[in-house]
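One file, query.tsv, carrying TSV, C-alpha atoms and all ligand atoms:
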chain	number	residue	atom	x	y	z
A	1	MET	CA	-40.89	20.01	51.15
A	2	GLU	CA	-39.00	17.24	49.40
A	3	GLN	CA	-39.87	16.29	45.83
A	4	VAL	CA	-41.91	13.07	45.77
A	5	ASN	CA	-42.47	10.90	42.72
A	6	SER	CA	-43.19	7.51	44.21
A	7	VAL	CA	-44.66	6.06	47.41
A	8	PRO	CA	-44.30	2.38	48.34
A	9	LEU	CA	-46.97	0.59	50.37
A	10	LEU	CA	-44.43	-0.33	53.03
A	11	ASP	CA	-40.75	0.59	53.44
A	12	LEU	CA	-39.00	-1.79	55.84
A	13	LYS	CA	-35.64	-0.21	54.98
A	14	ALA	CA	-36.75	3.09	56.51
A	15	GLN	CA	-37.33	1.38	59.86
A	16	LEU	CA	-34.11	-0.60	59.64
A	17	VAL	CA	-31.89	2.48	59.30
A	18	GLY	CA	-31.89	3.38	62.99
A	19	LEU	CA	-32.00	-0.22	64.24
A	20	ARG	CA	-29.60	-2.07	61.99
A	21	GLU	CA	-26.71	-2.30	64.46
A	22	GLU	CA	-28.89	-3.31	67.39
A	23	ILE	CA	-30.63	-5.99	65.32
A	24	ALA	CA	-27.39	-7.33	63.86
A	25	GLN	CA	-25.97	-7.56	67.39
A	26	ALA	CA	-29.01	-9.47	68.66
A	27	VAL	CA	-28.86	-11.92	65.74
A	28	LEU	CA	-25.15	-12.44	66.25
A	29	GLU	CA	-25.75	-13.23	69.93
A	30	VAL	CA	-28.02	-16.09	68.89
A	31	VAL	CA	-25.51	-17.29	66.32
A	32	ASP	CA	-22.66	-17.27	68.85
A	33	SER	CA	-24.74	-18.86	71.62
A	34	THR	CA	-25.43	-21.95	69.46
A	35	GLN	CA	-28.80	-22.09	71.27
A	36	TYR	CA	-30.84	-22.40	68.10
A	37	ILE	CA	-34.02	-23.94	69.50
A	38	MET	CA	-36.02	-22.30	72.36
A	39	GLY	CA	-33.77	-20.85	75.09
A	40	PRO	CA	-33.43	-17.46	76.79
A	41	LYS	CA	-34.34	-15.28	73.79
A	42	ILE	CA	-37.75	-16.95	73.58
A	43	GLN	CA	-38.33	-16.58	77.31
A	44	ALA	CA	-37.25	-12.92	77.21
A	45	LEU	CA	-39.66	-12.04	74.40
A	46	GLU	CA	-42.50	-13.96	76.07
A	47	ASP	CA	-41.93	-11.97	79.27
A	48	GLN	CA	-41.83	-8.71	77.32
A	49	VAL	CA	-45.04	-9.45	75.41
A	50	ALA	CA	-46.84	-10.61	78.56
A	51	SER	CA	-45.95	-7.39	80.32
A	52	TYR	CA	-46.67	-5.20	77.27
A	53	THR	CA	-50.12	-6.68	76.67
A	54	GLY	CA	-51.08	-7.29	80.29
A	55	ALA	CA	-51.42	-11.04	79.79
A	56	ALA	CA	-50.42	-13.49	82.50
A	57	TYR	CA	-48.87	-15.93	80.00
A	58	ALA	CA	-47.29	-15.59	76.57
A	59	ILE	CA	-46.21	-18.48	74.35
A	60	GLY	CA	-43.98	-17.82	71.35
A	61	VAL	CA	-44.94	-19.80	68.26
A	62	SER	CA	-43.92	-20.22	64.63
A	63	SER	CA	-46.41	-17.80	63.02
A	64	GLY	CA	-49.68	-15.98	63.52
A	65	THR	CA	-51.44	-18.74	61.61
A	66	ASP	CA	-49.95	-21.35	63.92
A	67	ALA	CA	-50.96	-19.27	66.94
A	68	LEU	CA	-54.57	-19.57	65.76
A	69	LEU	CA	-54.25	-23.25	64.88
A	70	LEU	CA	-52.65	-24.10	68.22
A	71	SER	CA	-55.33	-22.13	70.09
A	72	LEU	CA	-58.05	-24.22	68.46
A	73	MET	CA	-56.07	-27.37	69.26
A	74	GLY	CA	-55.76	-26.14	72.84
A	75	LEU	CA	-59.56	-26.09	73.02
A	76	ASP	CA	-59.68	-29.64	71.54
A	77	ILE	CA	-61.55	-28.46	68.47
A	78	GLY	CA	-61.89	-31.04	65.71
A	79	PRO	CA	-64.32	-32.97	63.49
A	80	GLY	CA	-67.98	-32.38	64.38
A	81	ASP	CA	-67.22	-29.03	66.01
A	82	SER	CA	-67.82	-25.60	64.57
A	83	VAL	CA	-66.29	-22.17	65.14
A	84	ILE	CA	-67.96	-18.82	64.50
A	85	THR	CA	-65.81	-16.14	62.93
A	86	THR	CA	-66.06	-13.03	60.78
A	87	ASP	CA	-66.67	-13.31	57.05
A	88	PHE	CA	-64.05	-10.67	56.26
A	89	SER	CA	-60.42	-11.23	57.25
A	90	PHE	CA	-57.11	-12.67	56.11
A	91	PHE	CA	-57.51	-16.28	55.00
A	92	ALA	CA	-55.71	-17.79	58.01
A	93	THR	CA	-58.61	-16.92	60.33
A	94	ALA	CA	-60.98	-19.31	58.59
A	95	GLY	CA	-58.35	-21.65	57.17
A	96	VAL	CA	-57.21	-22.94	60.57
A	97	ILE	CA	-60.76	-23.96	61.47
A	98	ALA	CA	-61.14	-26.03	58.31
A	99	ARG	CA	-57.67	-27.55	58.69
A	100	LEU	CA	-58.81	-29.17	61.95
A	101	HIS	CA	-61.85	-30.54	60.11
A	102	ALA	CA	-64.14	-28.30	62.11
A	103	LYS	CA	-66.81	-26.22	60.39
A	104	PRO	CA	-66.37	-22.46	60.00
A	105	ILE	CA	-69.55	-20.44	60.50
A	106	PHE	CA	-69.38	-16.88	59.23
A	107	VAL	CA	-71.11	-13.72	60.42
A	108	ASP	CA	-71.29	-10.29	58.82
A	109	ILE	CA	-69.22	-7.25	59.79
A	110	ASP	CA	-69.93	-3.81	61.17
A	111	PRO	CA	-69.47	-1.49	58.17
A	112	VAL	CA	-67.61	1.17	60.20
A	113	THR	CA	-64.96	-0.97	61.90
A	114	PHE	CA	-64.98	-3.92	59.45
A	115	ASN	CA	-65.08	-6.18	62.51
A	116	MET	CA	-67.52	-8.89	63.61
A	117	ASP	CA	-70.90	-7.28	64.20
A	118	PRO	CA	-72.22	-8.17	67.70
A	119	PRO	CA	-75.92	-8.18	66.67
A	120	ALA	CA	-75.01	-10.47	63.75
A	121	LEU	CA	-73.24	-12.85	66.14
A	122	LEU	CA	-76.25	-12.88	68.45
A	123	HIS	CA	-78.62	-13.49	65.57
A	124	CYS	CA	-76.41	-16.31	64.28
A	125	LEU	CA	-76.51	-18.10	67.64
A	126	GLU	CA	-80.20	-17.44	68.30
A	127	SER	CA	-81.32	-18.68	64.91
A	128	MET	CA	-79.40	-21.98	65.13
A	129	PRO	CA	-81.10	-25.24	66.08
A	130	VAL	CA	-79.98	-26.19	69.60
A	131	SER	CA	-78.22	-29.30	68.27
A	132	GLU	CA	-76.07	-27.15	66.00
A	133	ARG	CA	-75.43	-24.55	68.69
A	134	GLN	CA	-73.97	-27.29	70.85
A	135	THR	CA	-71.27	-27.89	68.24
A	136	VAL	CA	-69.97	-24.29	68.50
A	137	LYS	CA	-66.72	-24.58	70.44
A	138	ALA	CA	-65.20	-21.13	69.90
A	139	ILE	CA	-65.94	-17.63	68.67
A	140	MET	CA	-63.09	-15.95	66.82
A	141	PRO	CA	-63.38	-12.19	66.34
A	142	VAL	CA	-60.60	-10.37	64.46
A	143	HIS	CA	-59.24	-6.91	65.25
A	144	LEU	CA	-58.97	-6.03	61.60
A	145	TYR	CA	-56.51	-3.42	60.31
A	146	GLY	CA	-55.42	-2.69	63.91
A	147	GLN	CA	-58.77	-1.56	65.32
A	148	SER	CA	-60.39	-3.46	68.16
A	149	ALA	CA	-63.57	-5.38	67.57
A	150	ASP	CA	-66.36	-4.31	69.94
A	151	LEU	CA	-65.38	-6.82	72.60
A	152	THR	CA	-67.77	-5.98	75.44
A	153	PRO	CA	-70.94	-7.11	73.61
A	154	LEU	CA	-69.08	-9.95	71.83
A	155	LEU	CA	-67.77	-11.32	75.14
A	156	ASP	CA	-71.19	-10.91	76.76
A	157	ILE	CA	-72.83	-12.98	74.03
A	158	ALA	CA	-70.07	-15.61	74.24
A	159	ALA	CA	-70.47	-15.78	78.04
A	160	GLN	CA	-74.24	-16.09	77.71
A	161	TYR	CA	-73.73	-19.23	75.58
A	162	ARG	CA	-70.60	-20.35	77.47
A	163	ILE	CA	-68.44	-20.38	74.35
A	164	PRO	CA	-64.70	-19.56	74.60
A	165	VAL	CA	-63.34	-16.61	72.63
A	166	ILE	CA	-60.10	-16.60	70.63
A	167	GLU	CA	-59.08	-13.09	69.59
A	168	ASP	CA	-57.29	-12.93	66.25
A	169	ALA	CA	-55.14	-9.91	67.12
A	170	ALA	CA	-52.60	-10.60	64.37
A	171	GLN	CA	-52.89	-7.02	63.12
A	172	ALA	CA	-53.45	-5.40	66.49
A	173	ILE	CA	-50.68	-5.97	69.04
A	174	GLY	CA	-50.91	-3.02	71.44
A	175	THR	CA	-54.39	-1.85	70.42
A	176	GLU	CA	-56.38	-0.81	73.44
A	177	TYR	CA	-60.05	-1.46	74.02
A	178	PHE	CA	-62.14	0.40	76.57
A	179	PRO	CA	-64.52	-1.79	78.52
A	180	PRO	CA	-66.25	-0.07	81.45
A	181	GLU	CA	-63.52	-1.36	83.79
A	182	GLY	CA	-60.88	0.68	81.98
A	183	PRO	CA	-58.49	0.26	79.05
A	184	GLN	CA	-57.04	-3.14	78.26
A	185	ARG	CA	-54.91	-4.34	75.39
A	186	VAL	CA	-56.55	-6.65	72.90
A	187	GLY	CA	-55.71	-10.34	73.04
A	188	THR	CA	-56.08	-10.40	76.82
A	189	MET	CA	-59.85	-10.12	77.20
A	190	GLY	CA	-60.93	-13.29	75.44
A	191	ASP	CA	-59.75	-16.72	76.57
A	192	ILE	CA	-56.84	-16.66	74.12
A	193	GLY	CA	-55.24	-13.95	72.01
A	194	CYS	CA	-53.08	-14.48	68.91
A	195	PHE	CA	-50.44	-12.17	67.44
A	196	SER	CA	-48.42	-12.34	64.24
A	197	PHE	CA	-44.89	-11.06	63.70
A	198	PHE	CA	-45.10	-11.27	59.91
A	199	PRO	CA	-42.79	-8.51	58.63
A	200	SER	CA	-45.65	-6.23	57.51
A	201	LYS	CA	-47.39	-6.23	60.90
A	202	ASN	CA	-46.76	-3.30	63.28
A	203	LEU	CA	-44.30	-5.49	65.18
A	204	GLY	CA	-42.60	-7.50	62.46
A	205	GLY	CA	-39.71	-9.95	62.56
A	206	ILE	CA	-37.18	-10.74	59.85
A	207	GLY	CA	-39.20	-13.84	58.99
A	208	ASP	CA	-42.23	-15.67	60.36
A	209	GLY	CA	-43.25	-15.65	64.00
A	210	GLY	CA	-46.24	-15.44	66.31
A	211	MET	CA	-47.37	-15.35	69.94
A	212	ILE	CA	-50.30	-16.63	71.97
A	213	VAL	CA	-51.38	-14.90	75.16
A	214	THR	CA	-53.81	-16.05	77.83
A	215	GLN	CA	-54.76	-15.35	81.44
A	216	ASN	CA	-55.48	-19.05	82.03
A	217	SER	CA	-52.58	-21.05	83.50
A	218	GLU	CA	-53.97	-24.46	82.56
A	219	LEU	CA	-54.48	-23.40	78.97
A	220	ALA	CA	-50.99	-21.85	78.86
A	221	GLN	CA	-49.49	-25.10	80.05
A	222	LYS	CA	-51.37	-27.08	77.45
A	223	LEU	CA	-50.35	-24.71	74.66
A	224	ARG	CA	-46.70	-25.03	75.70
A	225	LEU	CA	-47.03	-28.80	75.45
A	226	LEU	CA	-48.74	-28.67	72.07
A	227	ARG	CA	-45.93	-26.44	70.77
A	228	VAL	CA	-43.44	-29.29	71.21
A	229	HIS	CA	-45.36	-32.36	70.03
A	230	GLY	CA	-47.24	-32.63	73.33
A	231	ALA	CA	-44.12	-33.76	75.16
A	232	ALA	CA	-43.90	-32.78	78.84
A	233	SER	CA	-40.53	-34.45	79.00
A	234	GLU	CA	-38.52	-35.70	76.05
A	235	TYR	CA	-40.16	-38.57	74.12
A	236	THR	CA	-43.08	-38.77	76.55
A	237	HIS	CA	-46.23	-37.62	74.79
A	238	GLU	CA	-49.38	-36.89	76.77
A	239	ILE	CA	-51.17	-35.31	73.86
A	240	ILE	CA	-50.54	-34.88	70.13
A	241	GLY	CA	-49.11	-31.53	69.16
A	242	GLY	CA	-46.60	-30.46	66.56
A	243	ASN	CA	-43.53	-28.33	65.98
A	244	PHE	CA	-44.86	-24.82	66.54
A	245	ARG	CA	-41.74	-23.23	68.04
A	246	LEU	CA	-40.70	-19.61	67.57
A	247	ASP	CA	-37.21	-19.16	66.13
A	248	PRO	CA	-34.82	-17.54	68.66
A	249	ILE	CA	-33.41	-15.30	65.92
A	250	GLN	CA	-36.89	-13.87	65.44
A	251	ALA	CA	-37.36	-13.55	69.20
A	252	ALA	CA	-34.05	-11.67	69.50
A	253	VAL	CA	-34.99	-9.21	66.74
A	254	LEU	CA	-38.50	-8.69	68.13
A	255	SER	CA	-37.10	-7.98	71.61
A	256	VAL	CA	-35.06	-5.17	70.09
A	257	LYS	CA	-38.09	-3.76	68.27
A	258	LEU	CA	-40.80	-4.01	70.95
A	259	PRO	CA	-39.65	-0.96	72.96
A	260	TYR	CA	-40.23	1.18	69.84
A	261	LEU	CA	-43.69	-0.18	69.10
A	262	ASP	CA	-45.77	2.49	70.84
A	263	GLN	CA	-43.84	5.23	69.10
A	264	TRP	CA	-44.46	3.54	65.72
A	265	HIS	CA	-48.17	3.29	66.57
A	266	GLN	CA	-48.18	7.03	67.31
A	267	ALA	CA	-46.51	7.79	63.98
A	268	ARG	CA	-49.12	5.68	62.17
A	269	GLN	CA	-51.90	7.50	64.05
A	270	ARG	CA	-50.38	10.87	63.13
A	271	ASN	CA	-50.22	9.76	59.48
A	272	ALA	CA	-53.83	8.57	59.59
A	273	ASN	CA	-55.03	11.87	61.01
A	274	ARG	CA	-53.00	13.70	58.39
A	275	TYR	CA	-54.55	11.71	55.52
A	276	THR	CA	-58.03	12.33	56.86
A	277	ALA	CA	-57.33	16.08	57.16
A	278	LEU	CA	-55.79	16.20	53.67
A	279	PHE	CA	-58.80	14.46	52.09
A	280	GLN	CA	-61.04	17.07	53.71
A	281	GLN	CA	-58.80	19.95	52.78
A	282	LYS	CA	-58.49	18.88	49.13
A	283	ASN	CA	-62.22	18.16	49.07
A	284	VAL	CA	-62.38	14.57	47.87
A	285	PRO	CA	-65.89	13.46	48.93
A	286	GLU	CA	-65.57	10.31	46.80
A	287	VAL	CA	-63.19	8.90	49.40
A	288	LYS	CA	-64.58	7.54	52.65
A	289	THR	CA	-61.80	7.72	55.24
A	290	PRO	CA	-61.56	5.15	58.06
A	291	VAL	CA	-63.20	5.87	61.37
A	292	ALA	CA	-61.50	5.10	64.67
A	293	VAL	CA	-64.50	4.57	66.88
A	294	TYR	CA	-62.94	5.76	70.10
A	295	ALA	CA	-61.17	8.79	68.59
A	296	ASP	CA	-63.70	11.23	70.00
A	297	GLN	CA	-62.91	10.12	73.54
A	298	GLY	CA	-59.39	11.47	73.15
A	299	LEU	CA	-57.85	8.10	73.88
A	300	ALA	CA	-54.44	7.14	72.62
A	301	HIS	CA	-54.63	3.59	71.29
A	302	TYR	CA	-58.04	3.15	69.76
A	303	HIS	CA	-56.57	2.10	66.41
A	304	ILE	CA	-52.96	1.30	65.57
A	305	TYR	CA	-53.47	1.49	61.81
A	306	ASN	CA	-51.72	-1.63	60.63
A	307	GLN	CA	-53.66	-0.55	57.55
A	308	TYR	CA	-55.31	2.74	56.61
A	309	MET	CA	-58.32	1.60	54.58
A	310	ILE	CA	-60.36	3.96	52.47
A	311	ARG	CA	-63.61	3.05	50.74
A	312	VAL	CA	-63.98	4.10	47.12
A	313	SER	CA	-65.96	3.50	43.97
A	314	GLN	CA	-64.15	2.73	40.66
A	315	ARG	CA	-61.48	1.04	42.73
A	316	SER	CA	-59.56	-0.84	40.06
A	317	GLU	CA	-59.42	2.26	37.82
A	318	LEU	CA	-58.16	4.32	40.76
A	319	GLN	CA	-55.57	1.71	41.60
A	320	ALA	CA	-54.28	1.67	38.02
A	321	PHE	CA	-54.19	5.48	37.95
A	322	LEU	CA	-52.16	5.57	41.19
A	323	LYS	CA	-49.82	2.89	39.92
A	324	GLU	CA	-48.96	5.10	36.97
A	325	ARG	CA	-47.92	7.74	39.50
A	326	GLN	CA	-45.82	5.13	41.33
A	327	ILE	CA	-48.17	4.98	44.31
A	328	ALA	CA	-48.63	1.46	45.68
A	329	THR	CA	-52.00	0.42	47.11
A	330	LYS	CA	-53.50	-2.93	47.99
A	331	VAL	CA	-56.87	-4.57	48.50
A	332	TYR	CA	-57.23	-6.33	51.85
A	333	TYR	CA	-59.34	-8.41	51.08
A	334	PRO	CA	-60.98	-8.79	47.67
A	335	VAL	CA	-63.05	-11.94	48.38
A	336	PRO	CA	-65.08	-12.60	51.55
A	337	PHE	CA	-64.75	-16.07	53.05
A	338	HIS	CA	-68.20	-17.30	52.05
A	339	GLN	CA	-67.39	-16.61	48.39
A	340	GLN	CA	-64.03	-18.41	48.39
A	341	GLN	CA	-63.93	-21.49	46.21
A	342	CYS	CA	-62.70	-23.66	49.08
A	343	PHE	CA	-65.72	-22.73	51.24
A	344	ARG	CA	-68.41	-23.13	48.57
A	345	HIS	CA	-69.39	-26.48	50.05
A	346	LEU	CA	-70.58	-24.68	53.19
A	347	GLY	CA	-73.58	-23.59	51.13
A	348	TYR	CA	-73.61	-19.82	51.63
A	349	ARG	CA	-75.27	-17.92	48.80
A	350	ASP	CA	-74.06	-14.66	47.25
A	351	GLY	CA	-75.60	-11.80	49.16
A	352	ALA	CA	-75.52	-13.74	52.45
A	353	PHE	CA	-73.28	-11.12	54.11
A	354	PRO	CA	-73.95	-7.79	52.38
A	355	GLU	CA	-71.60	-5.61	54.47
A	356	SER	CA	-68.70	-7.98	54.00
A	357	GLU	CA	-69.35	-8.23	50.26
A	358	LYS	CA	-69.58	-4.44	49.96
A	359	ALA	CA	-66.33	-3.96	51.90
A	360	ALA	CA	-64.55	-6.46	49.66
A	361	GLN	CA	-65.57	-4.37	46.65
A	362	GLU	CA	-64.71	-0.95	48.08
A	363	VAL	CA	-61.70	-1.10	50.41
A	364	LEU	CA	-58.24	0.09	49.43
A	365	ALA	CA	-55.13	0.30	51.62
A	366	LEU	CA	-52.97	3.41	51.31
A	367	PRO	CA	-49.35	3.55	52.49
A	368	ILE	CA	-49.40	4.29	56.25
A	369	TYR	CA	-46.02	3.08	57.60
A	370	PRO	CA	-44.49	5.24	60.38
A	371	GLU	CA	-41.72	6.84	58.32
A	372	LEU	CA	-44.07	8.11	55.61
A	373	THR	CA	-43.57	11.87	55.18
A	374	GLU	CA	-46.12	14.67	54.89
A	375	ALA	CA	-44.92	15.36	51.34
A	376	MET	CA	-45.58	11.72	50.39
A	377	GLN	CA	-49.06	11.83	51.86
A	378	THR	CA	-49.82	15.07	50.03
A	379	TYR	CA	-48.64	13.43	46.81
A	380	VAL	CA	-50.97	10.48	47.41
A	381	VAL	CA	-54.02	12.58	48.26
A	382	GLU	CA	-53.46	14.96	45.33
A	383	ALA	CA	-53.20	12.01	42.95
A	384	ILE	CA	-56.50	10.60	44.24
A	385	ALA	CA	-58.12	14.04	43.96
A	386	ASP	CA	-56.88	14.28	40.36
A	387	PHE	CA	-58.39	10.91	39.56
A	388	TYR	CA	-61.89	11.92	40.66
A	389	ARG	CA	-61.64	15.37	39.05
A	390	ASN	CA	-60.85	13.93	35.60
B	1	LIG	C1	-51.27	-11.88	59.31
B	1	LIG	C2	-52.54	-12.46	59.80
B	1	LIG	C3	-52.66	-13.79	60.23
B	1	LIG	C4	-51.58	-14.81	60.03
B	1	LIG	O1	-50.33	-14.47	60.54
B	1	LIG	P1	-49.02	-15.13	59.88
B	1	LIG	O2	-47.96	-14.74	60.85
B	1	LIG	O3	-48.84	-14.49	58.54
B	1	LIG	O4	-49.21	-16.58	59.80
B	1	LIG	C5	-53.86	-14.22	60.77
B	1	LIG	N1	-54.91	-13.39	60.87
B	1	LIG	C6	-54.86	-12.11	60.45
B	1	LIG	C7	-56.06	-11.24	60.60
B	1	LIG	C8	-53.68	-11.60	59.89
B	1	LIG	O5	-53.65	-10.36	59.45
Write the structure described by the file as structure tokens, please.
Amino acid sequence: MEQVNSVPLLDLKAQLVGLREEIAQAVLEVVDSTQYIMGPKIQALEDQVASYTGAAYAIGVSSGTDALLLSLMGLDIGPGDSVITTDFSFFATAGVIARLHAKPIFVDIDPVTFNMDPPALLHCLESMPVSERQTVKAIMPVHLYGQSADLTPLLDIAAQYRIPVIEDAAQAIGTEYFPPEGPQRVGTMGDIGCFSFFPSKNLGGIGDGGMIVTQNSELAQKLRLLRVHGAASEYTHEIIGGNFRLDPIQAAVLSVKLPYLDQWHQARQRNANRYTALFQQKNVPEVKTPVAVYADQGLAHYHIYNQYMIRVSQRSELQAFLKERQIATKVYYPVPFHQQQCFRHLGYRDGAFPESEKAAQEVLALPIYPELTEAMQTYVVEAIADFYRN
């Protein structure tokens, strides 16, 4: 095995090696075409993503954050409205709600998947005064770290209260979920699904980008309008939108990468299984490894491991110890939404969402990118074992 003395959290160079020529060619095509806004590269990627995810419509947008923002705008969400989401996610999930002057309402997570807990959602809705419940205009679950939220009960609850669902699938393009009707890719089961092409996502561009998918033609049409300032034809504005366009250079690069996505997912899954086996083998009971809830059904895409999150005690000491051995780790996310300064005014107390608060204190991301080698993973696990033995 090769000698390892450092492991980065992510190595985009490793992925670029085999794709550099193809990507450079695609970028050059955009440059030479002089079609720098919208055009065939956008359409091509939208068609690819629609067919890959099983969505009827796909709309390329400027980022994952803008995909979420535009989705809320597509549902006419604004002042006086509220949106229920998870307490534990990347900031954008809650930020977009507040930016539209709507009120975010948080619910606790399931401690195994880190995703919105269906009983907590039900309890949240049931315990609200009717007048407040009537202000809830969307429910926004997140498929955190690349694992699907438990959509069947979440969608049932949403349907019971007739509230639309926006899936934040920014970390989970390609993740399958298994409702009784058979496997489906996330983003396509709610009313709207949002993806991000931020470079560290499983399908990453060479800059910002995002995509919205939906099965609803009316909604798709409205989202397309909102993407270009609400103009159905030039300078004729039916509604107020903004500039939310995807850059054709990003679309061109992403079209090159998408055919490799499933094979990258498989490499991440192999790496995840390898970590979990190594932690068992080296006997490190202090580390709680992530659980893919559908793994025991022998299904392929239960979790695409955008992140491999362990739970540990003495986290900051461990992180410092690993840093000395040149092993990069990261905490996604150290502060739950209800404890963020900017959401203090919502009036949540500390302890309001115990599972989310506990996760924020314990989680740690280990390097999981597809090109990670077995020797690197062994180096990481041995370092963590050393930490707890000393
Ligand atoms: C990355 C991410 C976003 C935002 O995507 P950007 O493309 O960075 O704007 C939103 N939600 C979640 C859960 C994310 O991980």
Just want the residues within 7 Å of ligand LIG 1 (chain B), written as a ChimeraX atom specification, counting all atoms listed in the file. /A:63-66,89-90,92-93,142,144,168-171,196-198,208-210
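Distances from A:Lys257, A:His101, A:Lys41, A:Arg162 to Gln15 of chain A were compared using only C-alpha atoms, and the smallest one belongs to A:Lys257.
Here the question is which of A:Leu223, A:Val136, A:Ile105, A:Leu100 gets nearest to Phe88 of chain A using all atoms listed in the file, and that residue is A:Ile105.
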Applying 12 Å and all atoms listed in the file, which residues near Val213 of chain A remain after dropping the ones on its own chain fewer than 2 positions away? List them as a PyMOL selection string. chain A and resi 46-61+64+67-68+70-71+166-170+173+185-196+210-211+215-217+219-221+223-224
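Nearest-residue note for Phe244 of chain A: choosing from A:Met38, A:Ile77, A:Ile310, A:Leu121, the minimum distance belongs to A:Met38, counting all atoms listed in the file.
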Segment 321-334 of chain A surroundings by only C-alpha atoms, 6 Å radius, close-in-sequence under 2 positions cut, as a PyMOL selection string: chain A and resi 6-9+318-319+360+364-366
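Taking atom CA of Leu10 of chain A and atom CA of Asn390 of chain A as endpoints, the distance between them is 27.9 Å.
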Quick one: residues within 9 Å of Leu261 of chain A, only C-alpha atoms counted, chain neighbours fewer than 3 positions away excluded, as a PDB file with C-alpha atoms, keeping the file's coordinate frame?
ATOM      1  CA  GLY A 174     -50.910  -3.020  71.440  1.00  0.00           C
ATOM      2  CA  ASN A 202     -46.760  -3.300  63.280  1.00  0.00           C
ATOM      3  CA  LEU A 203     -44.300  -5.490  65.180  1.00  0.00           C
ATOM      4  CA  LYS A 257     -38.090  -3.760  68.270  1.00  0.00           C
ATOM      5  CA  LEU A 258     -40.800  -4.010  70.950  1.00  0.00           C
ATOM      6  CA  TRP A 264     -44.460   3.540  65.720  1.00  0.00           C
ATOM      7  CA  HIS A 265     -48.170   3.290  66.570  1.00  0.00           C
ATOM      8  CA  GLN A 266     -48.180   7.030  67.310  1.00  0.00           C
TER       9      GLN A 266
END
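We find atom CA of Met128 of chain A and atom CA of Gln340 of chain A to be spaced 23.0 Å apart.
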Best match for closeness to Leu16 of chain A among A:Val130, A:Ile97, A:Ile206, A:Val335, counting all atoms listed in the file: A:Ile206
Shell around Asp150 of chain A at 9 Å using all atoms listed in the file, local window under 5 positions removed, as a PyMOL selection string: chain A and resi 113+115-118+143+155+177
Take the residues from that selection and put them in a file with C-alpha atoms, as a PDB file, keeping the file's coordinate frame.
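Dumped everything to out.pdb:
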ATOM      1  CA  THR A 113     -64.960  -0.970  61.900  1.00  0.00           C
ATOM      2  CA  ASN A 115     -65.080  -6.180  62.510  1.00  0.00           C
ATOM      3  CA  MET A 116     -67.520  -8.890  63.610  1.00  0.00           C
ATOM      4  CA  ASP A 117     -70.900  -7.280  64.200  1.00  0.00           C
ATOM      5  CA  PRO A 118     -72.220  -8.170  67.700  1.00  0.00           C
ATOM      6  CA  HIS A 143     -59.240  -6.910  65.250  1.00  0.00           C
ATOM      7  CA  LEU A 155     -67.770 -11.320  75.140  1.00  0.00           C
ATOM      8  CA  TYR A 177     -60.050  -1.460  74.020  1.00  0.00           C
TER       9      TYR A 177
END
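With distances taken over all atoms listed in the file, A:Gly205 is the one residue among A:Pro111, A:Gly205, A:Pro199, A:Pro180 lying closest to Ala251 of chain A.
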A:Leu75, A:Leu278, A:Leu69, A:Cys342: which is nearest Val381 of chain A, counting all atoms listed in the file? A:Leu278
